[in-house]
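This is model_1.cif (mmCIF, C-alpha atoms and all ligand atoms).
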data_upload
#
loop_
_atom_site.group_PDB
_atom_site.id
_atom_site.type_symbol
_atom_site.label_atom_id
_atom_site.label_comp_id
_atom_site.auth_asym_id
_atom_site.auth_seq_id
_atom_site.Cartn_x
_atom_site.Cartn_y
_atom_site.Cartn_z
ATOM 1 C CA MET A 1 -20.638 11.677 38.872
ATOM 2 C CA ARG A 2 -22.941 13.262 36.325
ATOM 3 C CA ILE A 3 -19.978 15.157 34.865
ATOM 4 C CA ILE A 4 -17.988 11.942 34.508
ATOM 5 C CA LEU A 5 -20.917 10.169 32.870
ATOM 6 C CA SER A 6 -21.519 12.935 30.376
ATOM 7 C CA LEU A 7 -17.804 13.004 29.634
ATOM 8 C CA ILE A 8 -17.896 9.269 28.885
ATOM 9 C CA THR A 9 -20.927 9.816 26.651
ATOM 10 C CA PHE A 10 -19.087 12.601 24.875
ATOM 11 C CA ILE A 11 -16.011 10.440 24.304
ATOM 12 C CA THR A 12 -18.103 7.519 23.061
ATOM 13 C CA PHE A 13 -20.011 9.566 20.528
ATOM 14 C CA SER A 14 -17.352 11.968 19.366
ATOM 15 C CA PHE A 15 -15.066 11.416 16.419
ATOM 16 C CA SER A 16 -11.401 12.217 16.196
ATOM 17 C CA PHE A 17 -12.148 14.030 12.961
ATOM 18 C CA ASP A 18 -15.258 16.038 12.116
ATOM 19 C CA TYR A 19 -16.054 15.811 8.398
ATOM 20 C CA LYS A 20 -18.851 18.404 8.717
ATOM 21 C CA LEU A 21 -20.931 16.518 6.151
ATOM 22 C CA GLU A 22 -23.953 18.180 4.568
ATOM 23 C CA PRO A 23 -26.044 16.144 2.128
ATOM 24 C CA ILE A 24 -26.705 18.010 -1.133
ATOM 25 C CA LYS A 25 -29.970 17.221 -2.924
ATOM 26 C CA ILE A 26 -29.600 15.708 -6.409
ATOM 27 C CA ASN A 27 -33.246 14.877 -7.140
ATOM 28 C CA ASP A 28 -36.455 13.936 -5.263
ATOM 29 C CA ASN A 29 -34.960 10.896 -3.565
ATOM 30 C CA SER A 30 -31.211 11.223 -3.863
ATOM 31 C CA TYR A 31 -28.441 13.264 -2.244
ATOM 32 C CA TYR A 32 -24.670 13.417 -2.367
ATOM 33 C CA PHE A 33 -21.814 14.328 -0.066
ATOM 34 C CA TYR A 34 -19.359 16.580 -1.838
ATOM 35 C CA GLY A 35 -15.696 15.585 -1.614
ATOM 36 C CA LYS A 36 -13.062 18.301 -1.629
ATOM 37 C CA LYS A 37 -11.031 18.841 -4.791
ATOM 38 C CA GLU A 38 -7.789 18.085 -2.963
ATOM 39 C CA TYR A 39 -5.299 15.267 -2.382
ATOM 40 C CA PHE A 40 -5.527 13.081 0.769
ATOM 41 C CA SER A 41 -4.329 15.045 3.830
ATOM 42 C CA PRO A 42 -4.765 15.113 7.621
ATOM 43 C CA THR A 43 -6.693 18.382 7.152
ATOM 44 C CA ASN A 44 -9.390 16.853 4.911
ATOM 45 C CA GLY A 45 -9.380 13.412 6.552
ATOM 46 C CA GLY A 46 -9.419 11.872 3.079
ATOM 47 C CA ASN A 47 -12.745 13.459 2.149
ATOM 48 C CA ILE A 48 -11.783 13.980 -1.491
ATOM 49 C CA SER A 49 -14.462 12.106 -3.428
ATOM 50 C CA ASN A 50 -18.239 12.149 -3.661
ATOM 51 C CA SER A 51 -20.555 9.568 -2.180
ATOM 52 C CA ALA A 52 -24.304 9.498 -2.784
ATOM 53 C CA PHE A 53 -27.451 7.851 -1.527
ATOM 54 C CA ILE A 54 -30.798 6.924 -3.025
ATOM 55 C CA ILE A 55 -33.889 6.533 -0.849
ATOM 56 C CA THR A 56 -36.188 3.690 -1.962
ATOM 57 C CA ASN A 57 -39.617 2.681 -0.565
ATOM 58 C CA ASN A 58 -38.149 1.108 2.544
ATOM 59 C CA SER A 59 -34.377 1.347 2.361
ATOM 60 C CA VAL A 60 -31.367 3.424 1.425
ATOM 61 C CA ILE A 61 -28.758 2.561 -1.216
ATOM 62 C CA LEU A 62 -25.354 4.119 -0.564
ATOM 63 C CA ILE A 63 -23.040 4.616 -3.525
ATOM 64 C CA ASP A 64 -19.395 4.519 -2.366
ATOM 65 C CA THR A 65 -18.144 4.775 1.194
ATOM 66 C CA GLY A 66 -15.276 7.276 1.115
ATOM 67 C CA THR A 67 -11.763 6.872 2.496
ATOM 68 C CA THR A 68 -12.327 6.025 6.172
ATOM 69 C CA VAL A 69 -14.767 4.196 8.413
ATOM 70 C CA GLU A 70 -15.076 7.392 10.410
ATOM 71 C CA TYR A 71 -16.262 9.246 7.312
ATOM 72 C CA THR A 72 -18.923 6.605 6.678
ATOM 73 C CA GLU A 73 -20.048 6.639 10.336
ATOM 74 C CA GLN A 74 -20.699 10.352 9.860
ATOM 75 C CA VAL A 75 -22.397 9.699 6.509
ATOM 76 C CA LYS A 76 -24.749 7.327 8.391
ATOM 77 C CA GLN A 77 -25.582 10.036 10.933
ATOM 78 C CA ALA A 78 -26.185 12.625 8.209
ATOM 79 C CA ILE A 79 -28.498 10.229 6.332
ATOM 80 C CA LYS A 80 -30.436 9.576 9.557
ATOM 81 C CA LYS A 81 -31.340 13.265 9.677
ATOM 82 C CA ILE A 82 -33.005 12.941 6.248
ATOM 83 C CA THR A 83 -34.671 9.526 6.500
ATOM 84 C CA ASP A 84 -35.215 6.851 9.141
ATOM 85 C CA LYS A 85 -35.108 4.104 6.491
ATOM 86 C CA PRO A 86 -32.172 1.725 6.991
ATOM 87 C CA ILE A 87 -29.123 1.658 4.719
ATOM 88 C CA LYS A 88 -29.452 -1.856 3.318
ATOM 89 C CA TYR A 89 -27.324 -1.734 0.181
ATOM 90 C CA ILE A 90 -23.855 -0.407 -0.605
ATOM 91 C CA ILE A 91 -22.377 -0.178 -4.076
ATOM 92 C CA ASN A 92 -18.614 0.224 -4.573
ATOM 93 C CA THR A 93 -18.105 1.814 -8.003
ATOM 94 C CA HIS A 94 -14.426 0.863 -8.400
ATOM 95 C CA HIS A 95 -11.394 -0.232 -6.420
ATOM 96 C CA HIS A 96 -9.805 3.122 -5.530
ATOM 97 C CA PRO A 97 -9.410 3.634 -1.762
ATOM 98 C CA ASP A 98 -11.486 6.832 -1.578
ATOM 99 C CA HIS A 99 -14.528 4.840 -2.752
ATOM 100 C CA PHE A 100 -14.624 1.748 -0.524
ATOM 101 C CA LEU A 101 -12.515 2.079 2.641
ATOM 102 C CA GLY A 102 -15.576 3.085 4.691
ATOM 103 C CA ASN A 103 -17.294 -0.284 4.007
ATOM 104 C CA ASN A 104 -16.539 -1.572 7.489
ATOM 105 C CA ALA A 105 -18.901 0.978 9.088
ATOM 106 C CA PHE A 106 -21.745 -1.469 8.334
ATOM 107 C CA ASP A 107 -23.025 -4.619 9.999
ATOM 108 C CA LYS A 108 -22.950 -7.991 8.297
ATOM 109 C CA ASP A 109 -26.602 -7.784 7.193
ATOM 110 C CA VAL A 110 -25.839 -4.844 4.885
ATOM 111 C CA LYS A 111 -25.158 -6.071 1.361
ATOM 112 C CA ILE A 112 -22.070 -4.629 -0.319
ATOM 113 C CA PHE A 113 -22.081 -4.887 -4.124
ATOM 114 C CA ALA A 114 -19.113 -4.715 -6.500
ATOM 115 C CA THR A 115 -18.020 -6.294 -9.749
ATOM 116 C CA SER A 116 -15.714 -9.303 -9.572
ATOM 117 C CA TYR A 117 -12.637 -7.301 -10.663
ATOM 118 C CA THR A 118 -13.296 -4.566 -8.084
ATOM 119 C CA HIS A 119 -13.907 -7.283 -5.481
ATOM 120 C CA GLU A 120 -10.550 -8.949 -6.285
ATOM 121 C CA GLU A 121 -8.617 -5.672 -6.244
ATOM 122 C CA ILE A 122 -10.114 -4.676 -2.881
ATOM 123 C CA LYS A 123 -9.251 -8.097 -1.510
ATOM 124 C CA SER A 124 -5.652 -8.005 -2.766
ATOM 125 C CA HIS A 125 -4.750 -4.360 -2.110
ATOM 126 C CA GLY A 126 -7.198 -3.188 0.569
ATOM 127 C CA ASP A 127 -4.844 -3.577 3.538
ATOM 128 C CA LEU A 128 -2.055 -1.809 1.673
ATOM 129 C CA TYR A 129 -4.390 1.097 0.934
ATOM 130 C CA ILE A 130 -5.226 1.323 4.654
ATOM 131 C CA THR A 131 -1.522 1.476 5.602
ATOM 132 C CA ASN A 132 -1.014 4.119 2.943
ATOM 133 C CA MET A 133 -3.920 6.188 4.307
ATOM 134 C CA ALA A 134 -2.456 6.088 7.822
ATOM 135 C CA HIS A 135 0.579 7.916 6.396
ATOM 136 C CA LEU A 136 -1.411 10.333 4.284
ATOM 137 C CA ILE A 137 -4.285 11.365 6.527
ATOM 138 C CA LYS A 138 -3.241 10.180 10.028
ATOM 139 C CA ASP A 139 -5.863 10.082 12.858
ATOM 140 C CA ALA A 140 -9.036 9.958 10.781
ATOM 141 C CA SER A 141 -7.934 6.664 9.238
ATOM 142 C CA TYR A 142 -6.870 4.805 12.393
ATOM 143 C CA THR A 143 -10.183 3.026 12.976
ATOM 144 C CA THR A 144 -10.493 1.902 9.349
ATOM 145 C CA ARG A 145 -10.409 -1.862 8.741
ATOM 146 C CA LEU A 146 -10.863 -3.737 5.507
ATOM 147 C CA ARG A 147 -14.322 -4.920 4.508
ATOM 148 C CA ILE A 148 -14.538 -6.777 1.218
ATOM 149 C CA PRO A 149 -17.738 -6.486 -0.867
ATOM 150 C CA THR A 150 -20.168 -9.332 -0.184
ATOM 151 C CA GLU A 151 -22.277 -9.432 -3.356
ATOM 152 C CA LEU A 152 -21.349 -9.817 -6.999
ATOM 153 C CA LEU A 153 -22.597 -7.137 -9.349
ATOM 154 C CA ASP A 154 -22.876 -8.411 -12.922
ATOM 155 C CA LYS A 155 -26.432 -7.755 -14.077
ATOM 156 C CA LYS A 156 -27.687 -4.956 -16.276
ATOM 157 C CA ASN A 157 -30.728 -4.289 -14.109
ATOM 158 C CA MET A 158 -31.278 -4.760 -10.423
ATOM 159 C CA ASN A 159 -34.244 -4.239 -8.195
ATOM 160 C CA PHE A 160 -33.599 -2.889 -4.686
ATOM 161 C CA ASP A 161 -36.814 -3.134 -2.667
ATOM 162 C CA GLY A 162 -38.851 -2.261 -5.724
ATOM 163 C CA TYR A 163 -36.418 0.408 -6.897
ATOM 164 C CA GLU A 164 -34.884 -0.347 -10.267
ATOM 165 C CA LEU A 165 -31.342 0.662 -11.188
ATOM 166 C CA GLU A 166 -29.440 -0.002 -14.398
ATOM 167 C CA PHE A 167 -25.712 -0.791 -14.481
ATOM 168 C CA TYR A 168 -23.111 -0.256 -17.175
ATOM 169 C CA TYR A 169 -19.739 -1.926 -16.804
ATOM 170 C CA LEU A 170 -17.253 0.440 -18.394
ATOM 171 C CA ASN A 171 -13.522 1.043 -18.026
ATOM 172 C CA GLY A 172 -10.611 3.375 -18.654
ATOM 173 C CA HIS A 173 -10.230 5.108 -15.292
ATOM 174 C CA THR A 174 -9.623 1.615 -13.905
ATOM 175 C CA LYS A 175 -10.188 -1.768 -15.547
ATOM 176 C CA ASP A 176 -13.717 -1.748 -14.170
ATOM 177 C CA ASP A 177 -15.707 1.467 -13.690
ATOM 178 C CA LEU A 178 -19.349 1.293 -12.795
ATOM 179 C CA VAL A 179 -21.978 3.665 -14.160
ATOM 180 C CA ILE A 180 -25.328 3.571 -12.379
ATOM 181 C CA VAL A 181 -28.428 4.812 -14.172
ATOM 182 C CA ASP A 182 -31.569 5.778 -12.322
ATOM 183 C CA LYS A 183 -34.101 5.961 -15.153
ATOM 184 C CA LYS A 184 -36.886 7.248 -12.919
ATOM 185 C CA THR A 185 -35.068 10.489 -12.110
ATOM 186 C CA LYS A 186 -32.814 10.473 -15.207
ATOM 187 C CA THR A 187 -29.781 10.642 -12.939
ATOM 188 C CA ILE A 188 -26.487 8.961 -13.779
ATOM 189 C CA TYR A 189 -23.812 8.216 -11.206
ATOM 190 C CA VAL A 190 -20.666 7.991 -13.312
ATOM 191 C CA SER A 191 -18.024 7.470 -10.570
ATOM 192 C CA ASP A 192 -14.483 8.474 -11.538
ATOM 193 C CA LEU A 193 -15.084 8.365 -15.275
ATOM 194 C CA ILE A 194 -15.795 12.087 -14.792
ATOM 195 C CA PHE A 195 -13.859 14.705 -12.828
ATOM 196 C CA ASN A 196 -15.563 18.103 -12.702
ATOM 197 C CA GLU A 197 -13.146 21.054 -12.642
ATOM 198 C CA ARG A 198 -10.539 18.835 -11.049
ATOM 199 C CA ALA A 199 -7.622 17.273 -12.909
ATOM 200 C CA LEU A 200 -8.236 13.629 -13.770
ATOM 201 C CA ALA A 201 -6.528 11.052 -11.541
ATOM 202 C CA THR A 202 -4.934 8.424 -13.770
ATOM 203 C CA PRO A 203 -2.891 5.848 -11.803
ATOM 204 C CA HIS A 204 -4.692 2.893 -13.428
ATOM 205 C CA ALA A 205 -5.900 4.617 -16.575
ATOM 206 C CA ASP A 206 -6.125 3.452 -20.157
ATOM 207 C CA PHE A 207 -6.769 6.729 -21.971
ATOM 208 C CA LYS A 208 -8.198 5.264 -25.174
ATOM 209 C CA LYS A 209 -10.613 2.997 -23.314
ATOM 210 C CA TRP A 210 -11.588 5.879 -21.038
ATOM 211 C CA ILE A 211 -12.434 8.087 -24.037
ATOM 212 C CA LYS A 212 -14.523 5.257 -25.494
ATOM 213 C CA SER A 213 -16.428 4.870 -22.219
ATOM 214 C CA LEU A 214 -17.152 8.595 -22.099
ATOM 215 C CA GLU A 215 -18.462 8.550 -25.676
ATOM 216 C CA PHE A 216 -20.838 5.840 -24.463
ATOM 217 C CA VAL A 217 -21.892 7.837 -21.373
ATOM 218 C CA LYS A 218 -22.627 10.844 -23.594
ATOM 219 C CA ASN A 219 -25.341 8.831 -25.327
ATOM 220 C CA LEU A 220 -27.131 7.806 -22.154
ATOM 221 C CA ASP A 221 -30.487 9.430 -21.539
ATOM 222 C CA PHE A 222 -29.932 11.651 -18.489
ATOM 223 C CA LYS A 223 -30.652 15.048 -17.008
ATOM 224 C CA ILE A 224 -28.400 14.922 -13.954
ATOM 225 C CA LEU A 225 -24.843 13.608 -13.774
ATOM 226 C CA LEU A 226 -22.954 12.970 -10.539
ATOM 227 C CA PRO A 227 -19.185 12.667 -11.072
ATOM 228 C CA GLY A 228 -16.825 10.900 -8.661
ATOM 229 C CA HIS A 229 -15.045 14.197 -8.026
ATOM 230 C CA GLY A 230 -16.426 17.721 -8.316
ATOM 231 C CA LYS A 231 -19.960 19.040 -8.254
ATOM 232 C CA VAL A 232 -23.104 17.639 -9.837
ATOM 233 C CA GLU A 233 -23.743 18.624 -13.485
ATOM 234 C CA TYR A 234 -26.690 18.952 -15.858
ATOM 235 C CA SER A 235 -25.175 18.998 -19.345
ATOM 236 C CA ILE A 236 -22.881 16.890 -21.519
ATOM 237 C CA ASP A 237 -20.270 19.679 -21.629
ATOM 238 C CA VAL A 238 -18.435 18.178 -18.681
ATOM 239 C CA ILE A 239 -18.158 14.860 -20.575
ATOM 240 C CA ASP A 240 -16.767 16.608 -23.656
ATOM 241 C CA GLU A 241 -14.224 18.453 -21.576
ATOM 242 C CA ASN A 242 -13.037 15.223 -19.920
ATOM 243 C CA ILE A 243 -12.710 13.618 -23.372
ATOM 244 C CA GLU A 244 -10.728 16.635 -24.569
ATOM 245 C CA TYR A 245 -8.377 16.386 -21.576
ATOM 246 C CA LEU A 246 -7.774 12.674 -22.139
ATOM 247 C CA LYS A 247 -7.103 13.215 -25.847
ATOM 248 C CA PHE A 248 -4.689 16.020 -24.955
ATOM 249 C CA ILE A 249 -2.729 13.720 -22.608
ATOM 250 C CA ASP A 250 -2.764 10.769 -25.025
ATOM 251 C CA GLU A 251 -1.552 12.911 -27.946
ATOM 252 C CA LEU A 252 1.047 14.674 -25.809
ATOM 253 C CA LEU A 253 2.553 11.361 -24.679
ATOM 254 C CA THR A 254 2.445 9.883 -28.192
ATOM 255 C CA ASN A 255 4.098 12.904 -29.831
ATOM 256 C CA SER A 256 6.669 13.311 -27.047
ATOM 257 C CA ALA A 257 7.712 9.666 -27.447
ATOM 258 C CA ILE A 258 8.079 10.088 -31.211
ATOM 259 C CA GLU A 259 10.176 13.225 -30.685
ATOM 260 C CA GLY A 260 12.249 11.436 -28.028
ATOM 261 C CA LEU A 261 11.574 13.979 -25.261
ATOM 262 C CA ASP A 262 12.351 13.147 -21.655
ATOM 263 C CA ILE A 263 9.915 13.412 -18.732
ATOM 264 C CA PHE A 264 11.395 16.726 -17.496
ATOM 265 C CA GLU A 265 10.897 18.329 -20.893
ATOM 266 C CA ILE A 266 7.281 17.212 -21.056
ATOM 267 C CA ILE A 267 6.442 18.415 -17.545
ATOM 268 C CA ASN A 268 8.268 21.750 -17.838
ATOM 269 C CA ASP A 269 7.849 22.755 -21.478
ATOM 270 C CA THR A 270 4.362 21.605 -22.492
ATOM 271 C CA GLU A 271 1.939 24.361 -23.391
ATOM 272 C CA VAL A 272 -1.166 23.324 -21.512
ATOM 273 C CA PRO A 273 -4.537 24.860 -22.510
ATOM 274 C CA GLU A 274 -5.609 27.446 -19.919
ATOM 275 C CA LYS A 275 -8.879 25.662 -19.059
ATOM 276 C CA PHE A 276 -6.967 22.540 -17.955
ATOM 277 C CA LYS A 277 -4.421 24.567 -15.992
ATOM 278 C CA LYS A 278 -7.301 26.025 -13.989
ATOM 279 C CA TYR A 279 -8.401 22.583 -12.770
ATOM 280 C CA ALA A 280 -7.905 21.886 -9.078
ATOM 281 C CA MET A 281 -4.894 19.574 -8.551
ATOM 282 C CA PHE A 282 -3.666 20.196 -12.100
ATOM 283 C CA GLU A 283 0.077 20.365 -11.465
ATOM 284 C CA GLU A 284 0.177 17.313 -9.186
ATOM 285 C CA GLU A 285 -2.006 15.134 -11.405
ATOM 286 C CA PHE A 286 -0.313 16.217 -14.638
ATOM 287 C CA GLU A 287 3.124 15.332 -13.260
ATOM 288 C CA ARG A 288 1.854 12.032 -11.854
ATOM 289 C CA THR A 289 0.188 11.178 -15.164
ATOM 290 C CA ILE A 290 3.327 11.843 -17.222
ATOM 291 C CA ILE A 291 5.604 9.905 -14.833
ATOM 292 C CA ASN A 292 3.235 6.903 -14.668
ATOM 293 C CA HIS A 293 2.327 6.597 -18.324
ATOM 294 C CA TYR A 294 5.229 7.931 -20.395
ATOM 295 C CA PRO A 295 7.424 4.802 -20.189
ATOM 296 C CA LYS A 296 4.625 2.793 -21.858
ATOM 297 C CA TYR A 297 4.492 5.236 -24.785
ATOM 298 C CA GLU A 298 8.311 5.203 -25.096
ATOM 299 C CA ARG A 299 8.293 1.412 -25.296
ATOM 300 C CA LYS A 300 5.654 1.489 -28.015
ATOM 301 C CA VAL A 301 7.806 3.800 -30.156
ATOM 302 C CA LYS A 302 10.928 1.640 -29.677
ATOM 303 C CA LYS A 303 9.219 -1.547 -30.861
HETATM 304 ZN ZN ZN A 401 -10.835 6.466 -8.898
#
Using C-alpha cells, write down the structure from this file.
Ligand SMILES: [Zn+2]
Amino acid sequence: MRIILSLITFITFSFSFDYKLEPIKINDNSYYFYGKKEYFSPTNGGNISNSAFIITNNSVILIDTGTTVEYTEQVKQAIKKITDKPIKYIINTHHHPDHFLGNNAFDKDVKIFATSYTHEEIKSHGDLYITNMAHLIKDASYTTRLRIPTELLDKKNMNFDGYELEFYYLNGHTKDDLVIVDKKTKTIYVSDLIFNERALATPHADFKKWIKSLEFVKNLDFKILLPGHGKVEYSIDVIDENIEYLKFIDELLTNSAIEGLDIFEIINDTEVPEKFKKYAMFEEEFERTIINHYPKYERKVKK
C-alpha cells in the first residue's frame, strides 16, 4: 500500500519534462532563468528565452513566463527555494509565445500585466501558438492552456508593494516591446530588443524602428542589462552590436532589391561579417529574415 501511495505522490508531483532550472543572480533582489540559444524542440521543451524575477518587500514580480505552463510550474518551484514571498505580479514583455505561454500556471488572484497591443495579440493568436508548440516541442507543451493578461500596462511608473519600476514602451522587434527599468539596482530588462550572441529573431520586426529603440536604450542609465535571449550583460557593447546587425540586414535587403537579386542569391552569396556568423542560430534566423522581409523591400523598389 505504501508503495502504491508513494507512486501516486511521485506521479502527481513529477513533470513530463524536467527543465532543470537554476536561478542566476542578477543583483541583490533579482534573478533570471537562462533560456537556451536554440530553436523550439522536444529536447529543450521550448526553454529558449530568459525569464526573470524581482523580489520586493512582500511579493515577487515575474517577468515573462516562458513557452509552457510546465516550465512556469518549475519556475515557481525554483523561486520557492529562494524566497517564500508569493508571486503576485506577472509582466508579459511582448506577444511572442516563448514569453507568455506559461501564464496559466497562476491562480486568478495573480495580476498579469501587458500593454493593450500585446494583450490583443495574445488574445487573437494565443491558441494558434499553443497548437504550433504541440508540433514543435511535443509533451512539454501538452498541459499549456491560454491565459490572457488581466491588467493593462500603460503607465511610465508603477509601484508594486512599495517597489517602483519604470516602463518604456518601445518597438521594432514587435509593434510593442517593453523595457523595464529598475532604478534602485540600475538594472534594465530589455526583452527581445536585445539578443546576446544569438542571431536576432525577426518575424514581426521593423528594422528601422528597432534601431531607433536601441539608440534610446543606449541612453538609459543602467549597469546591468538582461536581454530576452542570451546571458546578462554589463556594457553597451551588446546594444551596439545588435544595432550593427540590424543595419547590416536593412542595408543588405535594400541594396539587394535595388540590384534585383533573388532570395537564393542573397542567402547563398552574401558575405556575412564573421562576428555575426558566430551567433547561435545564425543560419536559420538569417534565412528566415531574408524570406520574411525581402518581398517588402522589393515592392518598395518597384513603386
Ligand atoms: Zn520575441
Residue members of the PyMOL selection byres (((not hetatm)) within 7 of (chain A and resi 401)) in the file shown, as an MDAnalysis selection string: chainID A and resid 94 96 173 192 201
The PyMOL selection byres (((chain A and resi 75) around 10) and not hetatm) resolved against shown file, as an MDAnalysis selection string: chainID A and resid 19:23 32:33 51:53 62 65:66 69:74 76:80 102 105
Residues from last step as file, C-alpha atoms, as a compact mmCIF listing (two decimals), in the coordinates of the input:
# COMPACT_ATOMS: atom_id res chain seq x y z
CA TYR A 19 -16.05 15.81 8.40
CA LYS A 20 -18.85 18.40 8.72
CA LEU A 21 -20.93 16.52 6.15
CA GLU A 22 -23.95 18.18 4.57
CA PRO A 23 -26.04 16.14 2.13
CA TYR A 32 -24.67 13.42 -2.37
CA PHE A 33 -21.81 14.33 -0.07
CA SER A 51 -20.56 9.57 -2.18
CA ALA A 52 -24.30 9.50 -2.78
CA PHE A 53 -27.45 7.85 -1.53
CA LEU A 62 -25.35 4.12 -0.56
CA THR A 65 -18.14 4.78 1.19
CA GLY A 66 -15.28 7.28 1.12
CA VAL A 69 -14.77 4.20 8.41
CA GLU A 70 -15.08 7.39 10.41
CA TYR A 71 -16.26 9.25 7.31
CA THR A 72 -18.92 6.60 6.68
CA GLU A 73 -20.05 6.64 10.34
CA GLN A 74 -20.70 10.35 9.86
CA LYS A 76 -24.75 7.33 8.39
CA GLN A 77 -25.58 10.04 10.93
CA ALA A 78 -26.18 12.62 8.21
CA ILE A 79 -28.50 10.23 6.33
CA LYS A 80 -30.44 9.58 9.56
CA GLY A 102 -15.58 3.08 4.69
CA ALA A 105 -18.90 0.98 9.09
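Minimum atom-to-atom distances from A:Glu215, A:Leu136, A:Tyr142, A:Pro97 to A:Lys123 were compared using all atoms listed in the file, and the lowest value belongs to A:Pro97.
Pairwise distance (atom CA of A:Ser124, atom CA of A:Asn171) equals 19.4 Å.
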Given the PyMOL selection byres (((chain A and resi 38) around 7) and not hetatm), the residues it picks as a PyMOL selection string: chain A and resi 36-37+39-40+48+281
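Reported to one decimal place, the separation of atom CA of A:Ile137 from atom CA of A:Thr43 is 7.4 Å.
With only C-alpha atoms as the atoms that count, the minimum distance from A:Leu246 to the choices A:Phe264, A:Trp210, A:Phe100, A:Tyr129 is reached by A:Trp210.
Taking atom CA of A:Val181 as the reference point, atom CA of A:Gly35 is found at 20.9 Å.
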I'd like the box whose edges run along x, y and z of the file and which contains every listed atom of stretch 206-219 of chain A, padded by 6 Å per side; could you state its centre and edge lengths in Å, one decimal, as JSON?
{"center_x": -15.7, "center_y": 6.9, "center_z": -22.9, "size_x": 31.2, "size_y": 19.8, "size_z": 17.5}
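Proximity of A:Phe106, A:Tyr117, A:Tyr163, A:Phe15 to A:Asn29, computed with all atoms listed in the file, is greatest for A:Tyr163.
Across A:Lys208, A:Lys302, A:Lys231, A:His119, the tightest approach to A:Asn50 is made by A:Lys231 when counting all atoms listed in the file.
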Exercise: residues within 12 Å of coordinate (-33.5, 4.9, -12.8), counting all atoms listed in the file, as a VMD selection string: chain A and resid 27 29 to 30 54 56 156 to 160 162 to 167 179 to 189 220 to 224
All residues 12 Å or closer to A:Lys303, only C-alpha atoms, same chain fewer than 5 positions away omitted, as a PyMOL selection string: chain A and resi 257-258+296-298
Which of A:Lys175, A:Arg147, A:Lys111, A:Lys138 sits closest to A:Gly126 [using all atoms listed in the file]: A:Arg147
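Using only C-alpha atoms, the smallest distance between any of A:Asn44, A:Asn292, A:Asn219, A:Asn58 and A:Asp161 comes from A:Asn58.
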